[in-house]
>>> print(open('query_38.cif').read())   # mmCIF, C-alpha atoms and all ligand atoms
data_protein
#
loop_
_atom_site.label_atom_id
_atom_site.label_comp_id
_atom_site.auth_asym_id
_atom_site.auth_seq_id
_atom_site.Cartn_x
_atom_site.Cartn_y
_atom_site.Cartn_z
CA MET A 12 0.00 0.00 0.00
CA LYS A 13 2.81 2.35 0.92
CA SER A 14 4.69 1.46 -2.22
CA LEU A 15 1.59 2.05 -4.32
CA LEU A 16 1.15 5.38 -2.66
CA VAL A 17 4.76 6.24 -3.23
CA THR A 18 4.63 5.13 -6.86
CA LEU A 19 1.48 7.14 -7.44
CA GLY A 20 2.99 10.11 -5.70
CA LEU A 21 6.14 9.86 -7.77
CA ALA A 22 4.26 9.49 -11.05
CA LEU A 23 1.93 12.33 -10.19
CA ALA A 24 4.74 14.57 -9.06
CA ALA A 25 6.70 13.81 -12.23
CA ALA A 26 3.71 14.45 -14.49
CA ILE A 27 2.73 17.67 -12.79
CA GLY A 28 6.31 18.83 -12.44
CA LEU A 29 6.86 18.36 -16.15
CA GLY A 30 3.59 20.12 -16.95
CA ALA A 31 4.58 23.07 -14.82
CA GLY A 32 7.97 23.18 -16.48
CA TYR A 33 6.35 23.74 -19.84
CA LEU A 34 3.72 26.01 -18.43
CA LEU A 35 6.37 28.26 -17.00
CA TRP A 36 8.74 28.00 -19.97
CA ASP A 37 8.24 31.64 -20.87
CA THR A 38 8.57 33.00 -17.38
CA PRO A 39 11.96 31.99 -16.05
CA LYS A 40 11.55 32.48 -12.35
CA ASN A 41 13.75 30.84 -9.79
CA TRP A 42 11.31 29.21 -7.39
CA TYR A 43 14.16 28.11 -5.16
CA ALA A 44 15.35 31.49 -3.92
CA ALA A 45 13.31 32.07 -0.74
CA ASN A 46 15.48 33.73 1.89
CA VAL A 47 14.53 34.13 5.53
CA ASN A 48 17.28 36.71 5.98
CA LYS A 49 15.11 39.16 4.09
CA LEU A 50 12.32 38.90 6.65
CA GLY A 51 11.77 41.78 9.06
CA PRO A 52 10.98 41.55 12.76
CA GLY A 53 7.62 40.38 14.10
CA ALA A 54 5.91 37.33 15.61
CA GLU A 55 4.82 35.87 12.28
CA ASN A 56 8.34 36.07 10.86
CA ASP A 57 9.75 34.65 14.09
CA LEU A 58 7.58 31.60 13.51
CA ILE A 59 8.95 31.24 9.96
CA ARG A 60 12.51 31.57 11.24
CA TYR A 61 11.85 28.98 13.93
CA GLY A 62 10.44 26.67 11.25
CA ARG A 63 13.63 26.95 9.23
CA ASP A 64 15.70 26.34 12.32
CA LEU A 65 13.69 23.20 13.05
CA ILE A 66 14.47 21.92 9.56
CA VAL A 67 18.17 22.77 9.66
CA ASP A 68 18.92 22.03 13.31
CA THR A 69 16.23 19.45 14.01
CA ALA A 70 18.21 17.39 16.50
CA ARG A 71 18.85 20.29 18.84
CA HIS A 72 15.14 21.15 19.08
CA ILE A 73 13.25 17.86 18.76
CA GLY A 74 15.89 15.14 18.37
CA VAL A 75 16.34 12.08 20.55
CA ASN A 76 19.04 13.96 22.48
CA ALA A 77 17.25 17.33 22.70
CA GLU A 78 17.95 19.17 25.93
CA ASN A 79 14.31 19.12 27.02
CA PRO A 80 13.18 15.47 27.34
CA ALA A 81 9.57 16.46 26.64
CA MET A 82 10.66 17.71 23.22
CA ARG A 83 12.32 14.50 22.07
CA TYR A 84 9.84 13.76 19.30
CA ALA A 85 12.33 12.31 16.82
CA GLY A 86 13.88 8.94 17.51
CA ASN A 87 17.20 9.89 15.93
CA ASP A 88 19.46 12.90 15.49
CA LEU A 89 18.92 13.45 11.77
CA ALA A 90 17.80 16.84 10.51
CA CYS A 91 15.00 17.35 8.01
CA GLN A 92 17.74 19.01 5.99
CA SER A 93 19.79 15.78 6.00
CA CYS A 94 17.50 14.81 3.11
CA HIS A 95 15.59 18.00 2.25
CA LEU A 96 18.86 19.68 1.31
CA ASN A 97 19.44 23.40 1.62
CA ALA A 98 16.48 23.78 3.98
CA GLY A 99 14.10 22.40 1.36
CA LEU A 100 15.31 24.59 -1.49
CA GLN A 101 17.34 22.07 -3.51
CA PRO A 102 15.64 20.88 -6.73
CA PHE A 103 15.13 17.08 -6.78
CA ALA A 104 16.10 16.73 -3.13
CA ALA A 105 12.41 16.62 -2.13
CA PRO A 106 12.15 20.41 -1.83
CA PHE A 107 9.27 22.29 -0.19
CA VAL A 108 8.59 24.95 -2.84
CA SER A 109 5.23 23.61 -4.09
CA THR A 110 4.37 21.74 -0.94
CA PHE A 111 2.01 24.26 0.63
CA ALA A 112 0.32 24.88 -2.73
CA THR A 113 -0.37 21.17 -3.34
CA PHE A 114 -1.56 19.98 0.08
CA PRO A 115 -3.95 18.62 1.19
CA MET A 116 -3.45 15.95 -1.43
CA LEU A 117 -5.62 13.06 -2.48
CA VAL A 118 -3.68 9.80 -2.10
CA ASP A 119 -5.40 6.45 -2.57
CA ASN A 120 -8.72 8.30 -2.39
CA GLN A 121 -7.85 9.64 1.03
CA VAL A 122 -7.13 13.19 2.00
CA LEU A 123 -3.52 13.61 3.08
CA THR A 124 -2.99 16.84 5.00
CA LEU A 125 0.33 18.62 5.33
CA HIS A 126 0.30 17.79 9.07
CA ASP A 127 -0.01 14.11 8.20
CA ARG A 128 2.73 14.31 5.59
CA ILE A 129 5.14 15.98 8.01
CA ASN A 130 4.31 13.32 10.60
CA GLY A 131 4.90 10.66 7.95
CA CYS A 132 8.53 11.83 7.96
CA MET A 133 8.56 12.22 11.76
CA THR A 134 7.54 8.59 12.31
CA ARG A 135 9.69 7.04 9.57
CA SER A 136 12.58 9.17 8.35
CA MET A 137 13.02 10.56 11.85
CA ASN A 138 12.03 7.22 13.42
CA GLY A 139 10.04 9.06 16.10
CA LYS A 140 6.54 10.09 17.08
CA ALA A 141 4.10 12.52 15.54
CA LEU A 142 4.25 16.21 16.40
CA PRO A 143 0.93 17.36 17.85
CA ASP A 144 -1.09 19.34 15.27
CA GLU A 145 -1.43 22.31 17.60
CA SER A 146 2.23 22.43 18.70
CA ARG A 147 4.32 25.50 18.01
CA GLU A 148 6.77 23.21 16.19
CA MET A 149 4.13 21.98 13.73
CA GLU A 150 2.91 25.55 13.22
CA ALA A 151 6.45 26.74 12.61
CA LEU A 152 7.26 24.00 10.09
CA ILE A 153 4.11 24.83 8.17
CA ALA A 154 4.77 28.58 8.36
CA TYR A 155 8.23 28.02 6.86
CA ILE A 156 6.97 25.63 4.17
CA ARG A 157 4.31 28.18 3.28
CA PHE A 158 6.93 30.94 3.16
CA VAL A 159 9.25 29.11 0.75
CA GLY A 160 6.30 28.56 -1.60
CA LYS A 161 5.01 32.11 -1.47
CA GLY A 162 3.91 33.26 -4.92
CA SER A 163 4.29 29.81 -6.47
CA PRO A 164 1.35 28.57 -8.57
CA GLU A 165 -1.57 27.09 -6.64
CA GLY A 166 -2.08 23.35 -7.11
CA VAL A 167 1.05 22.99 -9.26
CA ARG A 168 4.29 21.11 -8.55
CA VAL A 169 6.97 23.28 -10.16
CA ALA A 170 9.90 21.67 -11.96
CA GLY A 171 12.39 20.19 -9.49
CA MET A 172 9.80 19.06 -6.94
CA GLY A 173 10.10 15.61 -5.41
CA LEU A 174 12.82 13.30 -6.63
CA LYS A 175 13.55 12.77 -10.32
CA PRO A 176 12.58 9.18 -11.11
CA LEU A 177 15.76 7.39 -12.15
CA ARG A 178 15.93 5.21 -15.29
CA THR A 179 15.74 1.49 -14.72
CA PRO A 180 19.29 0.11 -14.56
CA THR A 181 20.63 -2.25 -17.22
CA GLU A 182 21.48 -4.87 -14.59
CA PRO A 183 19.36 -5.53 -11.50
CA PRO A 184 20.64 -3.46 -8.54
CA ASP A 185 23.44 -5.36 -6.80
CA ALA A 186 24.46 -4.62 -3.21
CA ARG A 187 27.87 -6.23 -3.66
CA ARG A 188 28.75 -3.98 -6.57
CA GLY A 189 27.22 -1.20 -4.49
CA ALA A 190 29.70 -1.85 -1.69
CA ARG A 191 32.52 -1.02 -4.09
CA GLY A 192 30.76 2.16 -5.25
CA TYR A 193 30.18 3.10 -1.63
CA ALA A 194 33.86 2.70 -0.79
CA LYS A 195 34.80 4.83 -3.77
CA PHE A 196 32.23 7.65 -3.63
CA CYS A 197 30.69 7.77 -0.17
CA ALA A 198 32.86 6.33 2.60
CA GLU A 199 35.08 9.38 2.69
CA CYS A 200 32.21 11.27 4.31
CA HIS A 201 29.66 8.73 5.55
CA LYS A 202 32.52 6.43 6.79
CA ASP A 203 33.04 2.70 6.28
CA ASP A 204 30.56 1.91 9.04
CA GLY A 205 27.93 4.25 7.52
CA GLN A 206 27.65 6.28 10.72
CA GLY A 207 28.78 9.62 9.31
CA GLU A 208 30.21 12.25 11.59
CA ARG A 209 28.63 13.84 14.63
CA LYS A 210 28.83 17.56 15.23
CA THR A 211 31.80 18.44 17.35
CA GLY A 212 31.58 20.27 20.67
CA SER A 213 28.37 20.17 22.64
CA GLY A 214 26.14 20.37 19.56
CA VAL A 215 23.84 17.43 18.91
CA GLY A 216 23.23 16.31 15.35
CA TYR A 217 25.58 15.56 12.47
CA ASN A 218 28.01 17.16 10.11
CA ILE A 219 27.45 14.03 8.03
CA PRO A 220 24.35 11.93 8.72
CA PRO A 221 24.34 8.14 9.17
CA LEU A 222 22.92 5.95 6.39
CA TRP A 223 22.10 2.78 8.32
CA GLY A 224 21.94 1.39 11.85
CA GLU A 225 19.89 2.42 14.89
CA ALA A 226 20.59 6.13 14.36
CA SER A 227 19.25 6.13 10.80
CA PHE A 228 15.81 6.39 9.11
CA ASN A 229 13.58 3.35 9.67
CA ALA A 230 12.48 0.68 7.19
CA GLY A 231 9.20 2.50 6.51
CA ALA A 232 10.91 5.68 5.25
CA GLY A 233 10.92 6.81 1.64
CA MET A 234 14.72 6.62 1.69
CA ALA A 235 14.46 2.93 2.60
CA LYS A 236 13.01 2.23 -0.86
CA THR A 237 15.62 1.43 -3.46
CA ALA A 238 14.01 3.51 -6.20
CA TYR A 239 13.81 6.58 -3.97
CA ALA A 240 17.30 6.20 -2.55
CA ALA A 241 18.77 5.59 -6.03
CA ALA A 242 17.10 8.71 -7.45
CA TYR A 243 18.14 10.80 -4.46
CA ILE A 244 21.74 9.58 -4.55
CA HIS A 245 22.11 9.94 -8.31
CA ASP A 246 21.00 13.56 -8.29
CA ASN A 247 22.44 14.74 -4.95
CA MET A 248 25.46 12.71 -3.88
CA PRO A 249 28.40 13.01 -3.40
CA TYR A 250 27.19 16.04 -1.49
CA GLY A 251 27.60 19.30 -3.40
CA ILE A 252 26.80 18.09 -6.91
CA HIS A 253 23.99 19.47 -9.06
CA TYR A 254 21.51 17.05 -10.64
CA GLU A 255 22.49 18.23 -14.10
CA GLU A 256 26.03 16.94 -13.55
CA PRO A 257 25.71 13.63 -11.73
CA VAL A 258 28.86 11.83 -10.65
CA LEU A 259 27.45 8.31 -10.33
CA SER A 260 26.16 6.44 -13.36
CA VAL A 261 22.55 5.26 -13.25
CA GLN A 262 23.74 1.72 -12.52
CA GLN A 263 26.12 2.85 -9.77
CA ALA A 264 23.34 4.83 -8.06
CA TRP A 265 21.00 1.79 -8.01
CA ASP A 266 23.81 -0.45 -6.76
CA VAL A 267 24.86 1.90 -3.97
CA ALA A 268 21.21 2.36 -2.97
CA ALA A 269 20.80 -1.43 -2.82
CA TYR A 270 23.91 -1.63 -0.63
CA ILE A 271 22.69 0.99 1.85
CA ILE A 272 19.25 -0.59 2.07
CA SER A 273 20.72 -4.08 2.52
CA LYS A 274 22.19 -2.79 5.80
CA PRO A 275 20.06 -2.87 8.98
CA HIS A 276 17.60 -0.06 9.78
CA PRO A 277 15.17 0.34 12.67
CA PRO A 278 11.86 -1.43 11.96
CA ALA A 279 8.98 0.42 10.32
CA PRO A 280 6.33 1.69 12.77
CA PRO A 281 4.02 -1.23 13.71
CA ILE A 282 0.80 0.62 13.01
CA ALA A 283 -0.05 2.48 9.83
CA ALA A 284 1.46 5.94 10.07
CA PRO A 285 -1.03 8.84 10.04
CA GLU A 286 -0.47 9.33 6.34
CA LEU A 287 -2.32 6.08 5.61
CA GLN A 288 -5.13 6.38 8.12
C1 LIG B 1 15.88 10.29 5.62
C2 LIG B 1 15.42 11.32 4.72
C3 LIG B 1 14.36 12.29 5.19
C4 LIG B 1 14.32 13.02 6.35
C5 LIG B 1 15.32 13.03 7.48
C6 LIG B 1 13.09 13.79 6.31
N1 LIG B 1 12.42 13.55 5.14
FE1 LIG B 1 10.71 14.43 4.51
N2 LIG B 1 10.75 13.35 2.80
C7 LIG B 1 11.74 12.45 2.45
C8 LIG B 1 11.40 11.85 1.18
C9 LIG B 1 12.24 10.80 0.44
C10 LIG B 1 10.18 12.42 0.77
C11 LIG B 1 9.36 12.09 -0.47
C12 LIG B 1 9.76 12.89 -1.64
C13 LIG B 1 8.82 12.64 -2.80
O1 LIG B 1 7.64 12.39 -2.58
O2 LIG B 1 9.27 12.73 -3.95
C14 LIG B 1 9.80 13.36 1.81
C15 LIG B 1 8.66 14.16 1.76
C16 LIG B 1 8.35 15.15 2.68
C17 LIG B 1 7.26 16.09 2.55
C18 LIG B 1 6.32 16.20 1.36
C19 LIG B 1 6.85 17.22 0.39
C20 LIG B 1 6.03 17.31 -0.86
O3 LIG B 1 5.75 18.43 -1.32
O4 LIG B 1 5.69 16.26 -1.42
C21 LIG B 1 7.29 16.91 3.65
C22 LIG B 1 6.35 18.06 3.95
C23 LIG B 1 8.39 16.46 4.47
N3 LIG B 1 9.02 15.39 3.85
C24 LIG B 1 8.75 17.04 5.68
C25 LIG B 1 9.82 16.62 6.45
C26 LIG B 1 10.17 17.23 7.72
C27 LIG B 1 9.45 18.41 8.35
C28 LIG B 1 11.23 16.54 8.20
C29 LIG B 1 11.95 16.74 9.51
C30 LIG B 1 11.11 16.75 10.71
C31 LIG B 1 11.58 15.52 7.21
N4 LIG B 1 10.69 15.59 6.19
C32 LIG B 1 12.66 14.65 7.32
C33 LIG B 1 12.87 12.16 3.17
C34 LIG B 1 13.17 12.65 4.43
C1 LIG B 2 31.51 15.33 0.74
C2 LIG B 2 30.83 14.53 1.72
C3 LIG B 2 29.79 13.55 1.23
C4 LIG B 2 29.95 12.55 0.30
C5 LIG B 2 31.20 12.15 -0.47
C6 LIG B 2 28.66 11.87 0.24
N1 LIG B 2 27.77 12.45 1.09
FE1 LIG B 2 25.84 11.85 1.42
N2 LIG B 2 25.54 13.47 2.61
C7 LIG B 2 26.52 14.36 2.98
C8 LIG B 2 25.93 15.39 3.81
C9 LIG B 2 26.67 16.56 4.44
C10 LIG B 2 24.56 15.09 3.91
C11 LIG B 2 23.51 15.88 4.68
C12 LIG B 2 23.32 17.26 4.11
C13 LIG B 2 22.87 18.27 5.13
O1 LIG B 2 22.70 17.90 6.31
O2 LIG B 2 22.74 19.45 4.77
C14 LIG B 2 24.35 13.86 3.16
C15 LIG B 2 23.14 13.19 3.05
C16 LIG B 2 22.96 11.94 2.47
C17 LIG B 2 21.73 11.17 2.48
C18 LIG B 2 20.41 11.55 3.13
C19 LIG B 2 20.48 11.59 4.62
C20 LIG B 2 20.55 10.26 5.31
O3 LIG B 2 21.16 10.19 6.40
O4 LIG B 2 20.01 9.26 4.83
C21 LIG B 2 21.99 10.01 1.80
C22 LIG B 2 21.02 8.87 1.54
C23 LIG B 2 23.36 10.07 1.35
N3 LIG B 2 23.91 11.25 1.78
C24 LIG B 2 23.99 9.08 0.62
C25 LIG B 2 25.27 9.22 0.07
C26 LIG B 2 25.85 8.25 -0.85
C27 LIG B 2 25.21 6.95 -1.26
C28 LIG B 2 27.06 8.74 -1.20
C29 LIG B 2 28.04 8.17 -2.20
C30 LIG B 2 27.55 8.03 -3.55
C31 LIG B 2 27.26 9.99 -0.50
N4 LIG B 2 26.14 10.25 0.26
C32 LIG B 2 28.40 10.77 -0.57
C33 LIG B 2 27.85 14.34 2.64
C34 LIG B 2 28.42 13.48 1.71
#
>>> encode(input="query_38.cif", output="structure tokens", more="lines below")
Ligand code: HEC
Ligand code: HEC
Amino acid sequence: MKSLLVTLGLALAAAIGLGAGYLLWDTPKNWYAANVNKLGPGAENDLIRYGRDLIVDTARHIGVNAENPAMRYAGNDLACQSCHLNAGLQPFAAPFVSTFATFPMLVDNQVLTLHDRINGCMTRSMNGKALPDESREMEALIAYIRFVGKGSPEGVRVAGMGLKPLRTPTEPPDARRGARGYAKFCAECHKDDGQGERKTGSGVGYNIPPLWGEASFNAGAGMAKTAYAAAYIHDNMPYGIHYEEPVLSVQQAWDVAAYIISKPHPPAPPIAAPELQ
């Protein structure tokens, strides 16, 4: 059911994204340029700034090691930005530009609200529990997501939204080949044991996030699906590349994705996450 939902989502996102690309052909506007530094003072803008901070520095605020035990909503120390690169402003790294304009969304004939979608990531990618709808944190995340999409077309997924579906590889994805690709392209940062690098000093969180093990996303996460991980890796890793100039071949990306996913991850949540209820 999840995979159907994901497939549908991916197909829909791709179709709409492409449509928008053509639609906006004549009006070259960079939808990925939102900048909180241009915001003035005020309570509303404070909420937007807090939302961005939650996405960039998630572990400090709501991570499993957050200072305030009552705020430990996530079950790991990842940041939203670990995947939603550049605070949700990186094309094809699941950005947030059209998110506010396209939620609530109909998935499998059920209404999926933005709250539910955020909590889908909280319970799987962040391996934690749902943020209460009325919490300041949920409000702030939504305020920021709304801000980055300000002025973008209603109901449209602009080009660069989601992940770019990756071509089927010539050979079936192979984790053993992937291990070699990992050693060559990834281990330098994510380390041989896949655990990345923690922030130094007293800061919680990572300079480089882990890719498997107890501290990683759980088996129910989008990133735990080979097709998603392969697309993400091909267009975004090694960190710093642009999707127009990938470093890994299509085959290498599928193989490395298979390798990462063949490693242990925390189990998926036992009950259907809010997204499917
Ligand atoms: C381990 C990687 C990972 C982490 C960490 C993560 N997400 Fe996600 N998120 C994804 C993937 C993958 C998708 C699906 C992208 C797609 O549908 O193409 C997604 C989708 C979303 C969407 C839907 C966007 C849209 O317009 O379709 C929202 C909103 C979201 N995440 C919010 C968050 C928030 C908030 C956090 C932090 C609390 C977070 N995510 C942490 C991987 C992650
Ligand atoms: C130059 C260092 C570097 C290299 C090399 C690199 N990464 Fe990353 N990777 C990062 C950083 C940094 C992030 C998180 C970005 C952020 O927090 O802003 C990340 C995030 C990720 C994520 C999403 C977050 C998570 O924890 O799941 C995945 C998946 C990933 N990398 C896989 C790979 C793979 C596979 C390779 C090899 C093809 C690779 N990376 C190479 C630095 C690197």
>>> atom_distance(input="query_38.cif", atom1="CA of Tyr61 (chain A)", atom2="CA of Val118 (chain A)")
29.4 Å
>>> residues_near_ligand(input="query_38.cif", ligand="ligand LIG 1 (chain B)", cutoff="6 Å", atoms="all atoms listed in the file", output="MDAnalysis selection string")
chainID A and resid 21 66 89:91 93:94 105 107 109:110 128:129 132:133 136:137 173:174 228 233:234
>>> atom_distance(input="query_38.cif", atom1="atom O4 of ligand LIG 2 (chain B)", atom2="CA of Leu259 (chain A)")
16.9 Å
>>> axis_aligned_box(input="query_38.cif", around="region 122-133 of chain A", padding_each_side="8 Å", output="AutoDock Vina command-line options")
--center_x 0.7 --center_y 14.6 --center_z 6.9 --size_x 31.7 --size_y 24.0 --size_z 25.8
>>> atom_distance(input="query_38.cif", atom1="atom C14 of ligand LIG 2 (chain B)", atom2="CA of Tyr243 (chain A)")
10.3 Å
>>> closest_atom_pairs(input="query_38.cif", of="chain A", to="ligand LIG 2 (chain B)", cutoff="7 Å", atoms="only C-alpha atoms and all ligand atoms", output="Markdown table")
| residue | atom | partner | partner_atom | distance |
| --- | --- | --- | --- | --- |
| A:Leu89 | CA | B:LIG2 | O3 | 6.7 |
| A:Ala90 | CA | B:LIG2 | O1 | 6.5 |
| A:Gln92 | CA | B:LIG2 | O1 | 5.1 |
| A:Ser93 | CA | B:LIG2 | O1 | 3.6 |
| A:Cys94 | CA | B:LIG2 | C18 | 4.4 |
| A:Leu96 | CA | B:LIG2 | O2 | 5.2 |
| A:Asn97 | CA | B:LIG2 | O2 | 6.0 |
| A:Gly192 | CA | B:LIG2 | C30 | 6.9 |
| A:Tyr193 | CA | B:LIG2 | C29 | 5.5 |
| A:Phe196 | CA | B:LIG2 | C29 | 4.5 |
| A:Cys197 | CA | B:LIG2 | C29 | 3.4 |
| A:Ala198 | CA | B:LIG2 | C5 | 6.8 |
| A:Glu199 | CA | B:LIG2 | C5 | 5.7 |
| A:Cys200 | CA | B:LIG2 | C2 | 4.4 |
| A:His201 | CA | B:LIG2 | N1 | 6.1 |
| A:Asn218 | CA | B:LIG2 | C9 | 5.9 |
| A:Ile219 | CA | B:LIG2 | C9 | 4.5 |
| A:Pro220 | CA | B:LIG2 | O3 | 4.3 |
| A:Pro221 | CA | B:LIG2 | O3 | 4.7 |
| A:Leu222 | CA | B:LIG2 | O3 | 4.6 |
| A:Ser227 | CA | B:LIG2 | O3 | 6.3 |
| A:Phe228 | CA | B:LIG2 | O4 | 6.6 |
| A:Met234 | CA | B:LIG2 | C22 | 6.7 |
| A:Ala240 | CA | B:LIG2 | C22 | 6.1 |
| A:Tyr243 | CA | B:LIG2 | C22 | 6.9 |
| A:Ile244 | CA | B:LIG2 | C27 | 5.5 |
| A:Met248 | CA | B:LIG2 | C31 | 4.7 |
| A:Pro249 | CA | B:LIG2 | C32 | 3.6 |
| A:Tyr250 | CA | B:LIG2 | C34 | 4.3 |
| A:Gly251 | CA | B:LIG2 | C1 | 6.9 |
| A:Leu259 | CA | B:LIG2 | C30 | 6.8 |
| A:Ala264 | CA | B:LIG2 | C30 | 7.0 |
| A:Val267 | CA | B:LIG2 | C27 | 5.7 |
| A:Ala268 | CA | B:LIG2 | C27 | 6.3 |
>>> write_last_selection(input="query_38.cif", atoms="C-alpha atoms", output="PDB file, in the coordinates of the input")
ATOM      1  CA  LEU A  89      18.920  13.450  11.770  1.00  0.00           C
ATOM      2  CA  ALA A  90      17.800  16.840  10.510  1.00  0.00           C
ATOM      3  CA  GLN A  92      17.740  19.010   5.990  1.00  0.00           C
ATOM      4  CA  SER A  93      19.790  15.780   6.000  1.00  0.00           C
ATOM      5  CA  CYS A  94      17.500  14.810   3.110  1.00  0.00           C
ATOM      6  CA  LEU A  96      18.860  19.680   1.310  1.00  0.00           C
ATOM      7  CA  ASN A  97      19.440  23.400   1.620  1.00  0.00           C
ATOM      8  CA  GLY A 192      30.760   2.160  -5.250  1.00  0.00           C
ATOM      9  CA  TYR A 193      30.180   3.100  -1.630  1.00  0.00           C
ATOM     10  CA  PHE A 196      32.230   7.650  -3.630  1.00  0.00           C
ATOM     11  CA  CYS A 197      30.690   7.770  -0.170  1.00  0.00           C
ATOM     12  CA  ALA A 198      32.860   6.330   2.600  1.00  0.00           C
ATOM     13  CA  GLU A 199      35.080   9.380   2.690  1.00  0.00           C
ATOM     14  CA  CYS A 200      32.210  11.270   4.310  1.00  0.00           C
ATOM     15  CA  HIS A 201      29.660   8.730   5.550  1.00  0.00           C
ATOM     16  CA  ASN A 218      28.010  17.160  10.110  1.00  0.00           C
ATOM     17  CA  ILE A 219      27.450  14.030   8.030  1.00  0.00           C
ATOM     18  CA  PRO A 220      24.350  11.930   8.720  1.00  0.00           C
ATOM     19  CA  PRO A 221      24.340   8.140   9.170  1.00  0.00           C
ATOM     20  CA  LEU A 222      22.920   5.950   6.390  1.00  0.00           C
ATOM     21  CA  SER A 227      19.250   6.130  10.800  1.00  0.00           C
ATOM     22  CA  PHE A 228      15.810   6.390   9.110  1.00  0.00           C
ATOM     23  CA  MET A 234      14.720   6.620   1.690  1.00  0.00           C
ATOM     24  CA  ALA A 240      17.300   6.200  -2.550  1.00  0.00           C
ATOM     25  CA  TYR A 243      18.140  10.800  -4.460  1.00  0.00           C
ATOM     26  CA  ILE A 244      21.740   9.580  -4.550  1.00  0.00           C
ATOM     27  CA  MET A 248      25.460  12.710  -3.880  1.00  0.00           C
ATOM     28  CA  PRO A 249      28.400  13.010  -3.400  1.00  0.00           C
ATOM     29  CA  TYR A 250      27.190  16.040  -1.490  1.00  0.00           C
ATOM     30  CA  GLY A 251      27.600  19.300  -3.400  1.00  0.00           C
ATOM     31  CA  LEU A 259      27.450   8.310 -10.330  1.00  0.00           C
ATOM     32  CA  ALA A 264      23.340   4.830  -8.060  1.00  0.00           C
ATOM     33  CA  VAL A 267      24.860   1.900  -3.970  1.00  0.00           C
ATOM     34  CA  ALA A 268      21.210   2.360  -2.970  1.00  0.00           C
TER      35      ALA A 268
END
>>> residues_around(input="query_38.cif", residues="Phe158 (chain A)", least_positions_apart="5", cutoff="10 Å", atoms="only C-alpha atoms", output="list in words")
Ala45, Asn46, Val47, Asn56, Ile59, Arg60, Gly62, Arg63, Phe107, Val108, Phe111, Leu152 and Ile153 of chain A
>>> closest_atom_pairs(input="query_38.cif", of="region 128-159 of chain A", to="region 99-103 of chain A", cutoff="10 Å", atoms="all atoms listed in the file", output="Markdown table")
| residue | atom | partner | partner_atom | distance |
| --- | --- | --- | --- | --- |
| A:Tyr155 | CA | A:Gly99 | CA | 9.8 |
| A:Ile156 | CA | A:Gly99 | CA | 8.3 |
| A:Val159 | CA | A:Leu100 | CA | 7.9 |
>>> closest_atom_pairs(input="query_38.cif", of="region 237-283 of chain A", to="region 175-179 of chain A", cutoff="10 Å", atoms="all atoms listed in the file", output="tab-separated table")
residue	atom	partner	partner_atom	distance
A:Ala238	CA	A:Leu177	CA	7.3
A:Tyr239	CA	A:Pro176	CA	7.7
A:Ala240	CA	A:Leu177	CA	9.8
A:Ala241	CA	A:Leu177	CA	7.1
A:Ala242	CA	A:Leu177	CA	5.1
A:Tyr243	CA	A:Lys175	CA	7.7
A:Ile244	CA	A:Leu177	CA	9.9
A:His245	CA	A:Leu177	CA	7.8
A:Asp246	CA	A:Lys175	CA	7.8
A:Tyr254	CA	A:Lys175	CA	9.0
A:Val261	CA	A:Arg178	CA	6.9
A:Gln262	CA	A:Thr179	CA	8.3
A:Ala264	CA	A:Leu177	CA	9.0
A:Trp265	CA	A:Thr179	CA	8.5
>>> closest_residue(input="query_38.cif", among="A:Asn247, A:Asn229, A:Thr237, A:Thr211", to="Pro275 (chain A)", atoms="all atoms listed in the file")
A:Asn229
>>> closest_residue(input="query_38.cif", among="A:Val258, A:Leu117, A:Ala235, A:Ala269", to="Arg188 (chain A)", atoms="all atoms listed in the file")
A:Ala269
>>> closest_residue(input="query_38.cif", among="A:Ile271, A:Met82, A:Ala112, A:Leu58", to="Ala194 (chain A)", atoms="all atoms listed in the file")
A:Ile271
>>> residues_near_point(input="query_38.cif", point="(-4.8, 22.6, -1.4)", cutoff="9 Å", atoms="all atoms listed in the file", output="list in words")
Phe111, Ala112, Thr113, Phe114, Pro115, Met116, Thr124, Glu165 and Gly166 of chain A
>>> closest_residue(input="query_38.cif", among="A:Gln206, A:Thr181, A:Ser260, A:Asn41", to="Asp88 (chain A)", atoms="only C-alpha atoms")
A:Gln206
>>> closest_residue(input="query_38.cif", among="A:Pro106, A:Pro184, A:Gly74, A:Pro143", to="Gly160 (chain A)", atoms="only C-alpha atoms")
A:Pro106
>>> closest_residue(input="query_38.cif", among="A:Thr69, A:Thr134, A:Asn76, A:Asn48", to="Pro278 (chain A)", atoms="all atoms listed in the file")
A:Thr134
